[in-house]
$ cat input_14.pdb   # PDB, C-alpha atoms
ATOM      1  CA  MET W 266     101.009  93.952  69.550  1.00  0.00           C
ATOM      2  CA  PRO W 267      99.133  93.121  72.796  1.00  0.00           C
ATOM      3  CA  ALA W 268     101.084  90.597  74.868  1.00  0.00           C
ATOM      4  CA  VAL W 269     101.415  88.890  78.249  1.00  0.00           C
ATOM      5  CA  SER W 270     104.841  88.264  79.767  1.00  0.00           C
ATOM      6  CA  TYR W 271     106.678  86.340  82.436  1.00  0.00           C
ATOM      7  CA  GLY W 272     110.168  87.298  83.499  1.00  0.00           C
ATOM      8  CA  GLY W 273     112.856  86.587  86.049  1.00  0.00           C
ATOM      9  CA  MET W 274     115.092  89.328  87.416  1.00  0.00           C
ATOM     10  CA  PHE W 275     118.282  89.188  89.466  1.00  0.00           C
ATOM     11  CA  PRO W 276     118.792  92.232  91.721  1.00  0.00           C
ATOM     12  CA  VAL W 277     122.189  93.934  91.562  1.00  0.00           C
ATOM     13  CA  ALA W 278     123.817  96.761  93.563  1.00  0.00           C
ATOM     14  CA  THR W 279     121.749  98.122  96.468  1.00  0.00           C
ATOM     15  CA  LEU W 280     118.686  96.092  95.506  1.00  0.00           C
ATOM     16  CA  ALA W 281     120.611  92.830  95.979  1.00  0.00           C
ATOM     17  CA  LYS W 282     120.986  93.674  99.680  1.00  0.00           C
ATOM     18  CA  ARG W 283     117.194  93.762 100.009  1.00  0.00           C
ATOM     19  CA  PHE W 284     115.839  91.002  97.741  1.00  0.00           C
ATOM     20  CA  GLY W 285     116.824  87.820  95.925  1.00  0.00           C
ATOM     21  CA  TYR W 286     115.458  86.504  92.618  1.00  0.00           C
ATOM     22  CA  ILE W 287     112.359  88.470  91.538  1.00  0.00           C
ATOM     23  CA  SER W 288     109.556  87.126  89.310  1.00  0.00           C
ATOM     24  CA  LEU W 289     107.298  89.331  87.230  1.00  0.00           C
ATOM     25  CA  PHE W 290     104.065  89.078  85.291  1.00  0.00           C
ATOM     26  CA  ALA W 291     103.382  91.832  82.781  1.00  0.00           C
ATOM     27  CA  LEU W 292     100.821  93.135  80.314  1.00  0.00           C
ATOM     28  CA  GLU W 293     102.187  94.868  77.246  1.00  0.00           C
ATOM     29  CA  CYS W 294     100.849  96.823  74.301  1.00  0.00           C
ATOM     30  CA  GLY W 295     102.987  97.787  71.333  1.00  0.00           C
ATOM     31  CA  TYR W 296     102.981  98.942  67.734  1.00  0.00           C
ATOM     32  CA  LYS W 297     105.294  97.966  64.870  1.00  0.00           C
ATOM     33  CA  PHE W 298     105.766 100.457  62.083  1.00  0.00           C
ATOM     34  CA  LYS W 299     106.370  99.583  58.426  1.00  0.00           C
ATOM     35  CA  LYS W 300     110.140 100.074  58.731  1.00  0.00           C
ATOM     36  CA  ASN W 301     110.241  97.634  61.674  1.00  0.00           C
ATOM     37  CA  TRP W 302     110.549 100.310  64.344  1.00  0.00           C
ATOM     38  CA  THR W 303     108.580  99.454  67.467  1.00  0.00           C
ATOM     39  CA  LEU W 304     107.023 101.340  70.362  1.00  0.00           C
ATOM     40  CA  THR W 305     105.927  99.393  73.447  1.00  0.00           C
ATOM     41  CA  ALA W 306     104.499 100.145  76.874  1.00  0.00           C
ATOM     42  CA  ASN W 307     104.109  97.632  79.689  1.00  0.00           C
ATOM     43  CA  GLY W 308     103.196  97.297  83.325  1.00  0.00           C
ATOM     44  CA  ALA W 309     104.498  94.457  85.499  1.00  0.00           C
ATOM     45  CA  TYR W 310     103.765  93.040  88.943  1.00  0.00           C
ATOM     46  CA  LEU W 311     106.967  92.118  90.820  1.00  0.00           C
ATOM     47  CA  PHE W 312     107.175  89.594  93.655  1.00  0.00           C
ATOM     48  CA  THR W 313     109.722  87.495  95.544  1.00  0.00           C
ATOM     49  CA  ASP W 314     109.913  85.279  98.618  1.00  0.00           C
ATOM     50  CA  VAL W 315     113.609  86.010  99.123  1.00  0.00           C
ATOM     51  CA  VAL W 316     113.843  89.010 101.470  1.00  0.00           C
ATOM     52  CA  ARG W 317     117.358  89.664 102.731  1.00  0.00           C
ATOM     53  CA  GLU W 318     116.516  92.829 104.656  1.00  0.00           C
ATOM     54  CA  SER W 319     113.873  91.304 106.916  1.00  0.00           C
ATOM     55  CA  GLY W 320     115.974  92.388 109.905  1.00  0.00           C
ATOM     56  CA  VAL W 321     114.101  95.687 109.872  1.00  0.00           C
ATOM     57  CA  PHE W 322     111.423  93.863 111.912  1.00  0.00           C
ATOM     58  CA  ASP W 323     113.811  92.424 114.527  1.00  0.00           C
ATOM     59  CA  ARG W 324     112.811  94.841 117.273  1.00  0.00           C
ATOM     60  CA  LEU W 325     109.243  93.495 117.070  1.00  0.00           C
ATOM     61  CA  ALA W 326     110.276  89.871 117.606  1.00  0.00           C
ATOM     62  CA  PHE W 327     110.878  87.793 120.701  1.00  0.00           C
ATOM     63  CA  LEU W 328     113.302  84.938 121.211  1.00  0.00           C
ATOM     64  CA  LYS W 329     111.632  81.856 122.641  1.00  0.00           C
ATOM     65  CA  TYR W 330     113.591  78.997 124.196  1.00  0.00           C
ATOM     66  CA  VAL W 331     112.294  75.427 124.086  1.00  0.00           C
ATOM     67  CA  SER W 332     113.766  72.561 126.121  1.00  0.00           C
ATOM     68  CA  ALA W 333     113.885  69.076 124.619  1.00  0.00           C
ATOM     69  CA  PRO W 334     113.605  65.813 126.615  1.00  0.00           C
ATOM     70  CA  ASP W 335     117.326  65.185 126.152  1.00  0.00           C
ATOM     71  CA  GLY W 336     118.102  68.434 127.948  1.00  0.00           C
ATOM     72  CA  SER W 337     119.093  70.424 124.875  1.00  0.00           C
ATOM     73  CA  VAL W 338     117.697  73.903 124.392  1.00  0.00           C
ATOM     74  CA  SER W 339     116.701  75.403 121.061  1.00  0.00           C
ATOM     75  CA  ALA W 340     115.575  78.920 120.281  1.00  0.00           C
ATOM     76  CA  TYR W 341     113.383  80.474 117.615  1.00  0.00           C
ATOM     77  CA  ILE W 342     112.090  83.947 116.856  1.00  0.00           C
ATOM     78  CA  PHE W 343     108.375  84.616 117.028  1.00  0.00           C
ATOM     79  CA  TRP W 344     105.992  87.556 116.937  1.00  0.00           C
ATOM     80  CA  PRO W 345     103.201  87.981 119.480  1.00  0.00           C
ATOM     81  CA  ASP W 346      99.777  88.776 118.043  1.00  0.00           C
ATOM     82  CA  ASN W 347      97.069  90.809 119.761  1.00  0.00           C
ATOM     83  CA  SER W 348      95.807  87.742 121.632  1.00  0.00           C
ATOM     84  CA  GLY W 349      99.261  87.049 123.107  1.00  0.00           C
ATOM     85  CA  ALA W 350      99.846  83.929 121.023  1.00  0.00           C
ATOM     86  CA  GLY W 351     102.991  83.675 118.952  1.00  0.00           C
ATOM     87  CA  TYR W 352     103.643  82.932 115.303  1.00  0.00           C
ATOM     88  CA  VAL W 353     106.620  82.945 112.954  1.00  0.00           C
ATOM     89  CA  PRO W 354     106.107  85.475 110.158  1.00  0.00           C
ATOM     90  CA  THR W 355     107.241  85.132 106.570  1.00  0.00           C
ATOM     91  CA  PHE W 356     108.283  88.011 104.354  1.00  0.00           C
ATOM     92  CA  GLN W 357     107.854  88.889 100.694  1.00  0.00           C
ATOM     93  CA  GLY W 358     108.997  91.599  98.352  1.00  0.00           C
ATOM     94  CA  ARG W 359     106.281  93.203  96.248  1.00  0.00           C
ATOM     95  CA  GLY W 360     106.225  95.959  93.690  1.00  0.00           C
ATOM     96  CA  PHE W 361     105.510  96.983  90.140  1.00  0.00           C
ATOM     97  CA  SER W 362     107.162  98.552  87.117  1.00  0.00           C
ATOM     98  CA  LEU W 363     105.984 100.754  84.247  1.00  0.00           C
ATOM     99  CA  ALA W 364     108.089 101.027  81.099  1.00  0.00           C
ATOM    100  CA  LEU W 365     108.018 102.831  77.761  1.00  0.00           C
ATOM    101  CA  LYS W 366     110.479 101.609  75.123  1.00  0.00           C
ATOM    102  CA  ALA W 367     111.326 102.247  71.477  1.00  0.00           C
ATOM    103  CA  GLY W 368     113.090  99.639  69.399  1.00  0.00           C
ATOM    104  CA  LYS W 369     114.056  98.216  66.048  1.00  0.00           C
ATOM    105  CA  ILE W 370     113.639  94.744  64.515  1.00  0.00           C
ATOM    106  CA  PHE W 371     116.563  93.679  62.307  1.00  0.00           C
ATOM    107  CA  ASN W 372     115.136  91.011  60.027  1.00  0.00           C
ATOM    108  CA  ALA W 373     118.372  89.700  58.486  1.00  0.00           C
ATOM    109  CA  LEU W 374     117.987  86.608  60.704  1.00  0.00           C
ATOM    110  CA  ARG W 375     114.230  86.335  60.251  1.00  0.00           C
ATOM    111  CA  LEU W 376     112.252  83.117  60.533  1.00  0.00           C
ATOM    112  CA  PRO W 377     110.285  82.213  58.498  1.00  0.00           C
ATOM    113  CA  LYS W 378     112.380  83.609  55.671  1.00  0.00           C
ATOM    114  CA  ASN W 379     109.402  85.110  53.832  1.00  0.00           C
ATOM    115  CA  ASN W 380     108.230  87.132  56.859  1.00  0.00           C
ATOM    116  CA  PRO W 381     110.222  90.361  57.383  1.00  0.00           C
ATOM    117  CA  ASN W 382     108.346  91.174  60.613  1.00  0.00           C
ATOM    118  CA  SER W 383     110.586  88.798  62.628  1.00  0.00           C
ATOM    119  CA  GLY W 384     114.189  89.168  63.680  1.00  0.00           C
ATOM    120  CA  LEU W 385     116.692  90.399  66.233  1.00  0.00           C
ATOM    121  CA  SER W 386     115.133  93.139  68.351  1.00  0.00           C
ATOM    122  CA  VAL W 387     116.846  95.953  70.267  1.00  0.00           C
ATOM    123  CA  GLU W 388     114.858  98.180  72.632  1.00  0.00           C
ATOM    124  CA  ALA W 389     115.664 101.059  74.968  1.00  0.00           C
ATOM    125  CA  GLY W 390     113.569 103.370  77.086  1.00  0.00           C
ATOM    126  CA  VAL W 391     112.689 104.515  80.570  1.00  0.00           C
ATOM    127  CA  GLN W 392     111.214 102.506  83.439  1.00  0.00           C
ATOM    128  CA  PHE W 393     109.623 103.360  86.776  1.00  0.00           C
ATOM    129  CA  VAL W 394     110.067 100.785  89.562  1.00  0.00           C
ATOM    130  CA  GLU W 395     108.504 100.588  93.021  1.00  0.00           C
ATOM    131  CA  HIS W 396     109.157  97.934  95.684  1.00  0.00           C
ATOM    132  CA  ARG W 397     108.538  97.291  99.368  1.00  0.00           C
ATOM    133  CA  ILE W 398     108.890  94.615 102.044  1.00  0.00           C
ATOM    134  CA  PHE W 399     105.658  92.869 102.992  1.00  0.00           C
ATOM    135  CA  ALA W 400     105.163  90.837 106.184  1.00  0.00           C
ATOM    136  CA  ASN W 401     102.583  88.049 106.045  1.00  0.00           C
ATOM    137  CA  LEU W 402     100.421  88.563 109.126  1.00  0.00           C
ATOM    138  CA  PRO W 403      97.680  86.258 110.468  1.00  0.00           C
ATOM    139  CA  ILE W 404      94.311  87.552 109.274  1.00  0.00           C
ATOM    140  CA  GLY W 405      92.326  88.964 112.166  1.00  0.00           C
ATOM    141  CA  ARG W 406      95.296  88.721 114.561  1.00  0.00           C
ATOM    142  CA  GLU W 407      97.555  91.434 113.139  1.00  0.00           C
ATOM    143  CA  PRO W 408      99.677  93.162 115.804  1.00  0.00           C
ATOM    144  CA  ASN W 409      98.730  96.814 116.062  1.00  0.00           C
ATOM    145  CA  ASN W 410     102.340  97.957 115.836  1.00  0.00           C
ATOM    146  CA  VAL W 411     102.842  96.565 112.308  1.00  0.00           C
ATOM    147  CA  SER W 412      99.380  96.930 110.770  1.00  0.00           C
ATOM    148  CA  GLY W 413      97.648  99.826 109.061  1.00  0.00           C
ATOM    149  CA  GLU W 414      99.601 103.062 109.122  1.00  0.00           C
ATOM    150  CA  TYR W 415     102.249 101.560 111.428  1.00  0.00           C
ATOM    151  CA  ALA W 416     103.320  99.115 108.707  1.00  0.00           C
ATOM    152  CA  LYS W 417     104.581 102.058 106.652  1.00  0.00           C
ATOM    153  CA  GLY W 418     107.392 102.570 109.167  1.00  0.00           C
ATOM    154  CA  TYR W 419     108.884  99.186 108.291  1.00  0.00           C
ATOM    155  CA  ASP W 420     108.033  98.380 104.670  1.00  0.00           C
ATOM    156  CA  ARG W 421     110.893 100.364 103.087  1.00  0.00           C
ATOM    157  CA  LEU W 422     108.681 101.661 100.263  1.00  0.00           C
ATOM    158  CA  THR W 423     111.083 102.756  97.519  1.00  0.00           C
ATOM    159  CA  ASN W 424     110.636 103.940  93.937  1.00  0.00           C
ATOM    160  CA  GLY W 425     112.270 105.831  91.097  1.00  0.00           C
ATOM    161  CA  LEU W 426     113.025 106.097  87.378  1.00  0.00           C
ATOM    162  CA  GLY W 427     115.870 104.926  85.190  1.00  0.00           C
ATOM    163  CA  PRO W 428     116.929 103.643  81.770  1.00  0.00           C
ATOM    164  CA  VAL W 429     116.121 100.116  80.604  1.00  0.00           C
ATOM    165  CA  VAL W 430     117.399  98.143  77.603  1.00  0.00           C
ATOM    166  CA  ALA W 431     116.415  94.812  76.066  1.00  0.00           C
ATOM    167  CA  LEU W 432     118.041  92.580  73.460  1.00  0.00           C
ATOM    168  CA  GLY W 433     116.169  89.610  72.069  1.00  0.00           C
ATOM    169  CA  TYR W 434     114.264  88.015  69.220  1.00  0.00           C
ATOM    170  CA  ARG W 435     110.741  88.768  68.005  1.00  0.00           C
ATOM    171  CA  PHE W 436     108.967  86.041  66.074  1.00  0.00           C
ATOM    172  CA  PHE W 437     105.748  86.526  64.120  1.00  0.00           C
ATOM    173  CA  GLY W 438     104.375  83.361  62.525  1.00  0.00           C
ATOM    174  CA  ASN W 439     102.646  83.314  59.165  1.00  0.00           C
ATOM    175  CA  ASN W 440      99.634  81.576  60.716  1.00  0.00           C
ATOM    176  CA  ARG W 441      99.241  84.385  63.335  1.00  0.00           C
ATOM    177  CA  LEU W 442      99.101  81.809  66.171  1.00  0.00           C
ATOM    178  CA  ILE W 443     102.749  81.555  67.221  1.00  0.00           C
ATOM    179  CA  ASN W 444     104.136  84.985  68.051  1.00  0.00           C
ATOM    180  CA  PHE W 445     106.603  85.645  70.855  1.00  0.00           C
ATOM    181  CA  PHE W 446     109.415  87.831  72.147  1.00  0.00           C
ATOM    182  CA  LEU W 447     112.329  86.398  74.149  1.00  0.00           C
ATOM    183  CA  ALA W 448     114.815  88.911  75.497  1.00  0.00           C
ATOM    184  CA  ALA W 449     117.549  89.656  77.998  1.00  0.00           C
ATOM    185  CA  GLU W 450     116.751  92.863  79.878  1.00  0.00           C
ATOM    186  CA  ALA W 451     118.607  95.232  82.208  1.00  0.00           C
ATOM    187  CA  GLY W 452     117.488  98.360  84.020  1.00  0.00           C
ATOM    188  CA  LEU W 453     119.248 100.902  86.244  1.00  0.00           C
ATOM    189  CA  HIS W 454     116.859 102.772  88.534  1.00  0.00           C
ATOM    190  CA  PHE W 455     117.711 105.804  90.654  1.00  0.00           C
ATOM    191  CA  THR W 456     115.398 105.361  93.617  1.00  0.00           C
ATOM    192  CA  ARG W 457     114.889 106.583  97.163  1.00  0.00           C
ATOM    193  CA  SER W 458     112.725 105.792 100.165  1.00  0.00           C
ATOM    194  CA  ARG W 459     109.252 107.370 100.169  1.00  0.00           C
ATOM    195  CA  ARG W 460     108.701 107.035 103.930  1.00  0.00           C
ATOM    196  CA  LYS W 461     109.385 109.951 106.275  1.00  0.00           C
ATOM    197  CA  ILE W 462     111.037 107.771 108.917  1.00  0.00           C
ATOM    198  CA  ASN W 463     111.993 104.147 109.529  1.00  0.00           C
ATOM    199  CA  TYR W 464     110.679 102.958 112.885  1.00  0.00           C
ATOM    200  CA  ASP W 465     113.441 100.380 113.438  1.00  0.00           C
ATOM    201  CA  THR W 466     116.169 103.051 113.274  1.00  0.00           C
ATOM    202  CA  ASN W 467     114.124 106.144 114.218  1.00  0.00           C
ATOM    203  CA  GLN W 468     115.920 107.874 111.367  1.00  0.00           C
ATOM    204  CA  PRO W 469     114.784 109.179 107.962  1.00  0.00           C
ATOM    205  CA  ASP W 470     116.233 107.404 104.929  1.00  0.00           C
ATOM    206  CA  VAL W 471     117.343 110.125 102.506  1.00  0.00           C
ATOM    207  CA  ALA W 472     119.988 108.163 100.567  1.00  0.00           C
ATOM    208  CA  THR W 473     119.755 107.805  96.792  1.00  0.00           C
ATOM    209  CA  ARG W 474     119.856 104.169  95.684  1.00  0.00           C
ATOM    210  CA  SER W 475     121.037 102.499  92.476  1.00  0.00           C
ATOM    211  CA  ASP W 476     118.636  99.572  92.039  1.00  0.00           C
ATOM    212  CA  VAL W 477     119.661  97.346  89.126  1.00  0.00           C
ATOM    213  CA  LEU W 478     117.569  94.520  87.664  1.00  0.00           C
ATOM    214  CA  VAL W 479     119.095  92.071  85.165  1.00  0.00           C
ATOM    215  CA  GLY W 480     117.232  89.084  83.758  1.00  0.00           C
ATOM    216  CA  PHE W 481     115.002  87.706  81.036  1.00  0.00           C
ATOM    217  CA  ARG W 482     111.478  88.189  79.741  1.00  0.00           C
ATOM    218  CA  PHE W 483     109.282  85.928  77.615  1.00  0.00           C
ATOM    219  CA  SER W 484     106.201  87.451  75.957  1.00  0.00           C
ATOM    220  CA  TRP W 485     103.377  85.778  74.062  1.00  0.00           C
ATOM    221  CA  CYS W 486     101.805  88.141  71.544  1.00  0.00           C
ATOM    222  CA  ILE W 487      98.555  88.162  69.566  1.00  0.00           C
ATOM    223  CA  PRO W 488      99.169  90.697  66.764  1.00  0.00           C
ATOM    224  CA  ILE W 489      96.366  92.783  65.329  1.00  0.00           C
ATOM    225  CA  TYR W 490      97.061  93.622  61.686  1.00  0.00           C
ATOM    226  CA  ARG W 491      95.789  96.733  59.959  1.00  0.00           C
ATOM    227  CA  VAL W 492      96.104  94.844  56.662  1.00  0.00           C
ATOM    228  CA  ALA W 493      96.619  91.174  55.845  1.00  0.00           C
ATOM    229  CA  PRO W 494     100.144  90.176  56.924  1.00  0.00           C
ATOM    230  CA  GLU W 495     100.812  88.716  53.483  1.00  0.00           C
ATOM    231  CA  LYS W 496     101.062  92.285  52.207  1.00  0.00           C
ATOM    232  CA  PHE W 497     104.386  92.579  54.007  1.00  0.00           C
ATOM    233  CA  TYR W 498     105.889  89.349  52.692  1.00  0.00           C
ATOM    234  CA  TYR W 499     108.411  89.221  49.922  1.00  0.00           C
ATOM    235  CA  TYR W 500     110.400  86.417  48.303  1.00  0.00           C
TER     236      TYR W 500
END
$ encode --input "input_14.pdb" --output "structure tokens"
Amino acid sequence: MPAVSYGGMFPVATLAKRFGYISLFALECGYKFKKNWTLTANGAYLFTDVVRESGVFDRLAFLKYVSAPDGSVSAYIFWPDNSGAGYVPTFQGRGFSLALKAGKIFNALRLPKNNPNSGLSVEAGVQFVEHRIFANLPIGREPNNVSGEYAKGYDRLTNGLGPVVALGYRFFGNNRLINFFLAAEAGLHFTRSRRKINYDTNQPDVATRSDVLVGFRFSWCIPIYRVAPEKFYYY
């Protein structure tokens, strides 16, 4: 069951303090056995523009004051690049996940009725998650103190394993063209920082985190049958 997926995840617990809504794109490969047991493996790319922990870079920024013609004064934060010019950076969260899950398709609610491959699907397994904070820097003008090896002191690289479960519906059409999986998914990951020290605090981060992701996933599948699918139909 090779498939491509899109999903949306809402961070919970410690992860919610770092990121907002997270999107994912995934590639999946799975196998369905005759008794409707399934085994799937997938890898996903995670990304978000909502970074709530961007304050880790505050010590690198400067506050610039600008006077308006009416006498009012406004302020904004900027970073100086290597040429001395300033710019306002944006931040992203990036990461990936790897999961292995076993499941079961319950075809009592199957559609179409003569295809027992479809039905309510329950899956559970283990998932590895890694995430970090990424600062968008001007190409060719990257400040030395946040580029290359120095960036590792600020990116909060974090990863770990944990259980993951999914509840949804798998549909396999008789014409082999329309095949999908729509599911609600939740994962609890026991993670920790993989950097020796954080430059903004000058302290190592040795705390264990509970990073929870709750959301949905939609997969489009192109099944490869060992025998003609009609062999599995009954009336």
$ residues_around --input "input_14.pdb" --residues "W:Asn372" --least-positions-apart "3" --cutoff "7 Å" --atoms "only C-alpha atoms" --output "CSV table (one decimal) with C-alpha atoms, in the coordinates of the input"
chain,number,residue,atom,x,y,z
W,375,ARG,CA,114.2,86.3,60.3
W,381,PRO,CA,110.2,90.4,57.4
W,382,ASN,CA,108.3,91.2,60.6
W,383,SER,CA,110.6,88.8,62.6
W,384,GLY,CA,114.2,89.2,63.7
W,385,LEU,CA,116.7,90.4,66.2
$ residues_near_point --input "input_14.pdb" --point "(112.9, 106.3, 108.7)" --cutoff "12 Å" --atoms "only C-alpha atoms" --output "PyMOL selection string"
chain W and resi 321+415-423+457-472
$ resolve_selection --input "input_14.pdb" --expression "the PyMOL selection byres ((chain W and resi 285-294) around 8)" --output "list in words"
Met266, Pro267, Ala268, Val269, Ser270, Tyr271, Gly272, Gly273, Met274, Phe275, Pro276, Ala281, Arg283, Phe284, Gly295, Tyr296, Thr305, Ala306, Asn307, Gly308, Ala309, Tyr310, Leu311, Phe312, Thr313, Asp314, Val315, Val316 and Arg317 of chain W
$ closest_residue --input "input_14.pdb" --among "W:Asn439, W:Thr456, W:Thr473, W:Asn401" --to "W:Pro488" --atoms "only C-alpha atoms"
W:Asn439
$ resolve_selection --input "input_14.pdb" --expression "the PyMOL selection byres ((chain W and resi 360) around 6)" --output "VMD selection string"
chain W and resid 311 359 361 395 to 396
$ resolve_selection --input "input_14.pdb" --expression "the PyMOL selection byres ((chain W and resi 479) around 8)" --output "list in words"
Met274, Phe275, Pro276, Val277, Ala449, Glu450, Ala451, Gly452, Val477, Leu478, Gly480 and Phe481 of chain W
$ atom_distance --input "input_14.pdb" --atom1 "atom CA of W:Gly433" --atom2 "atom CA of W:Lys297"
15.5 Å
$ closest_residue --input "input_14.pdb" --among "W:Leu402, W:Glu318, W:Tyr490, W:Val430" --to "W:Pro354" --atoms "only C-alpha atoms"
W:Leu402
$ closest_residue --input "input_14.pdb" --among "W:Leu447, W:Leu453, W:Leu374, W:Ala367" --to "W:Phe298" --atoms "all atoms listed in the file"
W:Ala367
$ axis_aligned_box --input "input_14.pdb" --around "stretch 470-485 of chain W" --padding-each-side "6 Å" --output "JSON"
{"center_x": 112.2, "center_y": 98.0, "center_z": 89.5, "size_x": 29.7, "size_y": 36.3, "size_z": 42.9}
$ residues_around --input "input_14.pdb" --residues "W:Ser386" --least-positions-apart "2" --cutoff "7 Å" --atoms "only C-alpha atoms" --output "MDAnalysis selection string"
chainID W and resid 368:371 384 388 432:435
$ residues_around --input "input_14.pdb" --residues "W:Leu426" --least-positions-apart "3" --cutoff "9 Å" --atoms "only C-alpha atoms" --output "NGL selection string"
:W and (391-394 or 453-456)
$ atom_distance --input "input_14.pdb" --atom1 "atom CA of W:Asn379" --atom2 "atom CA of W:Ile489"
19.0 Å
$ closest_residue --input "input_14.pdb" --among "W:Ala364, W:Leu280, W:Ile443, W:Leu304" --to "W:Ile398" --atoms "all atoms listed in the file"
W:Leu280
$ atom_distance --input "input_14.pdb" --atom1 "atom CA of W:Leu442" --atom2 "atom CA of W:Cys486"
8.7 Å
$ closest_residue --input "input_14.pdb" --among "W:Ser475, W:Ile487, W:Phe356, W:Gly413" --to "W:Asn440" --atoms "all atoms listed in the file"
W:Ile487
$ closest_residue --input "input_14.pdb" --among "W:Leu365, W:Leu376, W:Trp485, W:Arg324" --to "W:Val429" --atoms "only C-alpha atoms"
W:Leu365
